[in-house]
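*Asks:* File name final27.txt; file contents compact mmCIF, C-alpha atoms; full text below.
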# COMPACT_ATOMS: atom_id res chain seq x y z
CA MET O 399 0.00 0.00 0.00
CA ARG O 400 1.43 3.40 -1.00
CA GLU O 401 1.45 6.31 1.41
CA ASN O 402 0.17 9.58 0.12
CA ILE O 403 3.09 12.02 0.28
CA THR O 404 2.36 15.68 -0.26
CA SER O 405 4.94 18.38 -0.72
CA GLU O 406 4.13 22.05 -0.59
CA THR O 407 6.33 25.10 -0.44
CA ILE O 408 5.62 27.43 2.45
CA ARG O 409 6.64 31.05 1.80
CA THR O 410 6.65 33.30 4.80
CA SER O 411 9.22 35.73 6.07
CA SER O 412 10.13 33.49 9.02
CA MET O 413 10.54 30.21 7.13
CA GLY O 414 12.41 31.28 3.99
CA ARG O 415 12.67 28.56 1.37
CA ARG O 416 12.01 25.53 3.51
CA THR O 417 9.72 22.81 2.35
CA LEU O 418 7.19 21.05 4.53
CA VAL O 419 6.82 17.36 3.71
CA ARG O 420 3.89 15.45 5.16
CA ALA O 421 3.88 11.66 5.18
CA GLY O 422 0.75 10.41 6.81
CA ALA O 423 0.50 11.89 10.31
CA THR O 424 4.23 12.70 10.55
CA ALA O 425 5.63 16.06 9.48
CA ALA O 426 9.32 16.80 8.89
CA TRP O 427 11.12 19.99 7.96
CA THR O 428 13.67 19.81 5.19
CA VAL O 429 16.11 22.34 3.78
CA PRO O 430 16.72 22.39 0.03
CA VAL O 431 19.93 20.62 -0.92
CA ILE O 432 22.40 22.22 -3.27
CA ALA O 433 24.20 19.53 -5.25
CA MET O 434 27.88 19.99 -5.92
CA ALA O 435 29.86 17.70 -8.17
CA ALA O 436 33.39 16.73 -7.25
CA PRO O 437 35.95 16.72 -10.04
CA ALA O 438 36.15 13.36 -11.79
CA HIS O 439 39.30 11.31 -11.45
CA ALA O 440 41.47 11.22 -14.56
CA THR O 441 41.67 7.43 -14.30
CA SER O 442 40.24 4.70 -12.15
CA CYS O 443 41.99 4.26 -8.79
CA SER O 444 40.98 0.70 -8.15
CA GLY O 445 42.99 -2.50 -8.04
CA GLY O 446 46.65 -3.28 -8.53
CA THR O 447 49.68 -1.53 -7.16
CA THR O 448 51.60 1.46 -8.39
CA THR O 449 55.22 2.09 -7.42
CA LEU O 450 57.13 5.16 -8.61
CA THR O 451 60.83 5.88 -8.94
CA ALA O 452 62.32 9.24 -9.94
CA VAL O 453 65.85 10.24 -10.85
CA THR O 454 67.38 13.42 -12.22
CA LEU O 455 69.35 12.78 -15.40
CA SER O 456 73.00 13.64 -14.97
CA GLY O 457 74.20 16.82 -16.65
CA THR O 458 70.73 18.16 -17.48
CA LYS O 459 70.35 20.83 -14.77
CA THR O 460 70.66 24.46 -15.84
CA GLN O 461 70.06 27.67 -13.91
CA SER O 462 69.87 31.22 -15.20
CA GLY O 463 68.52 34.67 -14.35
CA SER O 464 68.77 37.33 -11.72
CA PRO O 465 67.18 38.48 -9.42
CA LYS O 466 64.90 35.48 -10.02
CA LEU O 467 66.43 32.14 -10.90
CA THR O 468 65.04 29.72 -13.48
CA VAL O 469 66.08 26.11 -12.91
CA THR O 470 65.49 23.32 -15.43
CA VAL O 471 66.31 19.65 -15.04
CA GLN O 472 65.26 16.42 -16.73
CA VAL O 473 63.60 13.94 -14.38
CA GLN O 474 62.83 10.35 -15.34
CA VAL O 475 59.78 8.92 -13.56
CA CYS O 476 59.00 5.20 -13.79
CA ASN O 477 56.01 3.17 -12.67
CA THR O 478 57.35 -0.22 -11.57
CA GLY O 479 53.97 -1.38 -10.24
CA ASP O 480 51.48 -3.68 -11.92
CA SER O 481 48.77 -1.09 -12.74
CA GLN O 482 48.53 2.31 -14.39
CA THR O 483 49.11 5.43 -12.30
CA CYS O 484 46.03 7.17 -11.05
CA ASP O 485 45.87 10.98 -10.87
CA LEU O 486 49.61 11.51 -11.28
CA TYR O 487 50.79 14.87 -9.96
CA ALA O 488 54.04 16.67 -9.15
CA THR O 489 54.84 19.09 -6.34
CA ALA O 490 57.82 21.43 -6.00
CA THR O 491 58.59 22.33 -2.40
CA GLY O 492 61.18 24.87 -1.35
CA ASN O 493 63.25 23.72 1.62
CA GLY O 494 63.89 26.49 4.12
CA ALA O 495 62.01 29.67 4.91
CA SER O 496 63.68 31.71 2.14
CA THR O 497 63.06 29.25 -0.72
CA ARG O 498 59.96 30.53 -2.51
CA LEU O 499 58.69 29.54 -5.96
CA ASN O 500 56.92 31.71 -8.54
CA ALA O 501 56.35 29.10 -11.28
CA PHE O 502 56.51 25.33 -11.81
CA SER O 503 56.06 23.15 -14.89
CA VAL O 504 56.51 19.48 -15.77
CA GLY O 505 56.74 18.57 -19.47
CA ASP O 506 53.43 19.26 -21.24
CA TRP O 507 51.40 19.32 -18.03
CA PRO O 508 49.59 22.56 -17.16
CA ALA O 509 52.08 25.02 -15.65
CA VAL O 510 51.31 26.75 -12.35
CA THR O 511 52.35 30.24 -11.30
CA THR O 512 51.92 32.51 -8.33
CA GLY O 513 52.59 36.19 -7.93
CA GLY O 514 53.95 38.33 -5.16
CA ALA O 515 56.64 36.84 -2.94
CA GLY O 516 56.04 33.33 -4.29
CA SER O 517 54.93 30.17 -2.54
CA ALA O 518 56.74 27.45 -0.60
CA THR O 519 54.88 24.76 -2.60
CA LEU O 520 53.43 24.54 -6.11
CA THR O 521 51.60 21.52 -7.57
CA THR O 522 50.67 20.54 -11.13
CA ILE O 523 48.47 17.64 -12.20
CA ALA O 524 49.16 15.37 -15.17
CA PRO O 525 46.48 15.21 -17.85
CA ALA O 526 44.71 11.85 -18.28
CA ASN O 527 46.82 11.04 -21.35
CA GLU O 528 50.04 11.48 -19.31
CA GLN O 529 49.38 8.67 -16.81
CA LEU O 530 52.13 6.03 -16.68
CA GLY O 531 51.21 2.46 -17.56
CA ALA O 532 52.52 -0.52 -15.58
CA GLY O 533 56.26 -0.74 -16.24
CA GLY O 534 56.21 2.61 -18.09
CA CYS O 535 58.70 5.48 -17.80
CA SER O 536 58.66 9.09 -18.94
CA THR O 537 61.34 11.75 -18.94
CA TYR O 538 60.06 15.23 -18.16
CA LEU O 539 61.69 18.61 -18.54
CA VAL O 540 60.95 20.14 -15.13
CA SER O 541 61.29 23.89 -14.71
CA TYR O 542 60.73 26.16 -11.75
CA LEU O 543 61.29 29.84 -11.03
CA LEU O 544 62.82 30.71 -7.68
CA HIS O 545 61.73 34.05 -6.27
CA ASP O 546 65.23 34.86 -5.03
CA ALA O 547 68.51 33.99 -6.79
CA SER O 548 70.72 34.94 -3.84
CA GLY O 549 72.06 31.96 -1.93
CA THR O 550 71.86 28.21 -2.36
CA HIS O 551 68.39 26.68 -2.51
CA THR O 552 67.18 23.08 -2.44
CA VAL O 553 63.82 22.22 -3.99
CA THR O 554 62.21 18.81 -3.49
CA LEU O 555 60.33 17.50 -6.54
CA THR O 556 57.73 14.93 -5.53
CA PHE O 557 55.86 12.79 -8.04
CA ALA O 558 52.84 11.02 -6.56
CA THR O 559 49.62 9.26 -7.52
CA GLY O 560 46.08 9.15 -6.24
CA ASN O 561 46.58 5.46 -5.44
CA GLY O 562 49.43 6.07 -2.99
CA ALA O 563 52.75 5.87 -4.87
CA MET O 564 55.39 8.55 -4.33
CA ALA O 565 58.96 9.31 -5.43
CA THR O 566 61.11 12.37 -4.70
CA VAL O 567 64.30 14.00 -5.95
CA ASN O 568 66.13 17.03 -4.58
CA VAL O 569 67.55 19.73 -6.83
CA THR O 570 70.05 22.19 -5.33
CA THR O 571 71.00 25.48 -6.96
CA VAL O 572 74.47 26.91 -6.62
CA LYS O 573 74.97 30.60 -5.92
With the file now loaded, output its structure as C-alpha cells.
*Replies:*
Amino acid sequence: MRENITSETIRTSSMGRRTLVRAGATAAWTVPVIAMAAPAHATSCSGGTTTLTAVTLSGTKTQSGSPKLTVTVQVQVCNTGDSQTCDLYATATGNGASTRLNAFSVGDWPAVTTGGAGSATLTTIAPANEQLGAGGCSTYLVSYLLHDASGTHTVTLTFATGNGAMATVNVTTVK
C-alpha cells in the first residue's frame, strides 16, 4: 500500500525557502539541498599496485637569471607497479624559509604560477593522457622559477599518484 506524500512550499518571512513534507500523520522539515559535483578522477583508482621511482638525469640541470632564478632539469619517472598510475601529480617544495617559488612546470602538463613573494609549494596535475602504464617510464623537462637567486636553494620534486605511490628527488642550486 502506498502512502500519500504531499509536498508544498511554504513562503513566509520566518521560514524562507524551507519545504514542509507530510507523510501520513508525521511532518518533517527539510532544507533544500544544493548539489555539488566533485571533479572526476582522470583514471580509475581501483585494483593493482603502483610504485614510482624518480631520478634526475645527470648533466641536465641548468640555472639562469637574476634576481629570479630559473632552474630546469630532466627527471625520469618510472612506474614499476602492476597497474597504471592514477591521478599523477608533481609538487615542487622549497626547503627552508627563504626558498619561494613563482612558477613550476613538468613537461606538457599545465604550468602553475603565483605572484607576489612566491609560494613554498606549487603543484601541477598530469592530464589523463600522461598517466604512466605498468612498467612505463617518462622523462620530463621540469622547470621552476625561484623568487630569489641569492644563496643556495634546495627544492624537493615529488611525483605522486592518487593510489598512494610517491617518489622524490632534490635539486640544489648553486649561488
*Asks:* Around (59.4, 1.8, -21.4) in the file's own coordinates, what residues are found within 12 Å if you use all atoms listed in the file, given back as a PDB file with C-alpha atoms, in the frame of the given file?
*Replies:*
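Printed below is point.pdb as written:
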ATOM      1  CA  GLN O 474      62.830  10.350 -15.340  1.00  0.00           C
ATOM      2  CA  VAL O 475      59.780   8.920 -13.560  1.00  0.00           C
ATOM      3  CA  CYS O 476      59.000   5.200 -13.790  1.00  0.00           C
ATOM      4  CA  ASN O 477      56.010   3.170 -12.670  1.00  0.00           C
ATOM      5  CA  THR O 478      57.350  -0.220 -11.570  1.00  0.00           C
ATOM      6  CA  LEU O 530      52.130   6.030 -16.680  1.00  0.00           C
ATOM      7  CA  GLY O 531      51.210   2.460 -17.560  1.00  0.00           C
ATOM      8  CA  ALA O 532      52.520  -0.520 -15.580  1.00  0.00           C
ATOM      9  CA  GLY O 533      56.260  -0.740 -16.240  1.00  0.00           C
ATOM     10  CA  GLY O 534      56.210   2.610 -18.090  1.00  0.00           C
ATOM     11  CA  CYS O 535      58.700   5.480 -17.800  1.00  0.00           C
ATOM     12  CA  SER O 536      58.660   9.090 -18.940  1.00  0.00           C
ATOM     13  CA  THR O 537      61.340  11.750 -18.940  1.00  0.00           C
TER      14      THR O 537
END
*Asks:* Counting only C-alpha atoms, what is within 6 Å of O:Val504, bar same-chain residues fewer than 3 positions away, as a ChimeraX atom specification?
*Replies:* /O:507,539-540
*Asks:* Which residue gives the smallest distance to O:Ala558 among O:Ala524, O:Val469, O:Ala495, O:Ala518, with only C-alpha atoms counted?
*Replies:* O:Ala524
*Asks:* So which one's closest to O:Gln482, O:Gly562, O:Thr570, O:Gln529, O:Thr512? Using only C-alpha atoms, please.
*Replies:*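 Checking each candidate against O:Gln482, we get O:Gln529 as the closest.
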*Asks:* Distance atom CA of O:Leu499-atom CA of O:Val567, one decimal place?
*Replies:*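 Atom-to-atom, atom CA of O:Leu499 and atom CA of O:Val567 are spaced 16.5 Å apart.
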*Asks:* List the neighbours of O:Pro465 out to 9 Å using only C-alpha atoms; skip same-chain residues closer than 4 positions along the sequence, and give me the result as an NGL selection string.
*Replies:* :O and (545-548)
*Asks:* Suppose you want the space between atom CA of O:Thr554 and atom CA of O:Asn493; what is it in Å?
*Replies:*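 Distance reported for this atom pair: 7.2 Å.
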*Asks:* O:Gly492: which residues within 10 Å, counting only C-alpha atoms, same-chain residues fewer than 4 positions away excluded, as a VMD selection string?
*Replies:* chain O and resid 496 to 499 517 to 520 544 551 to 555 568 to 569
*Asks:* So, with all atoms listed in the file as the atoms that count, which of O:Ser464, O:Thr489, O:Asn561, O:Thr483 lies closest to O:Pro525?
*Replies:*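 With all atoms listed in the file as the atom set, the closest residue is O:Thr483.
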*Asks:* To one decimal place, how far is atom CA of O:Ala488 from atom CA of O:Val572 in Å?
*Replies:* 23.0 Å
*Asks:* For O:Ala501, which residue among O:Thr566, O:Gly479, O:Thr521, O:Asp485 is the nearest when counting all atoms listed in the file?
*Replies:*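 Using all atoms listed in the file, O:Ala501 sits closest to O:Thr521.
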*Asks:* Find, counting only C-alpha atoms, the residue in O:Thr491, O:Ser541, O:Thr448, O:Phe557 that gets nearest to O:Ala509.
*Replies:*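 Using only C-alpha atoms, the shortest distance to O:Ala509 belongs to O:Ser541.
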*Asks:* Give me the residues within 7 Å of O:Thr468 as a PyMOL selection string, counting all atoms listed in the file and dropping any in the same chain fewer than 5 places off.
*Replies:* chain O and resi 461-463+542-544
*Asks:* Next, dump the selected residues to file, keeping only C-alpha atoms, as a short mmCIF file (atom, residue, chain, number, x, y, z; two decimals), in the frame of the given file.
*Replies:*
data_model
loop_
_atom_site.label_atom_id
_atom_site.label_comp_id
_atom_site.auth_asym_id
_atom_site.auth_seq_id
_atom_site.Cartn_x
_atom_site.Cartn_y
_atom_site.Cartn_z
CA GLN O 461 70.06 27.67 -13.91
CA SER O 462 69.87 31.22 -15.20
CA GLY O 463 68.52 34.67 -14.35
CA TYR O 542 60.73 26.16 -11.75
CA LEU O 543 61.29 29.84 -11.03
CA LEU O 544 62.82 30.71 -7.68
#
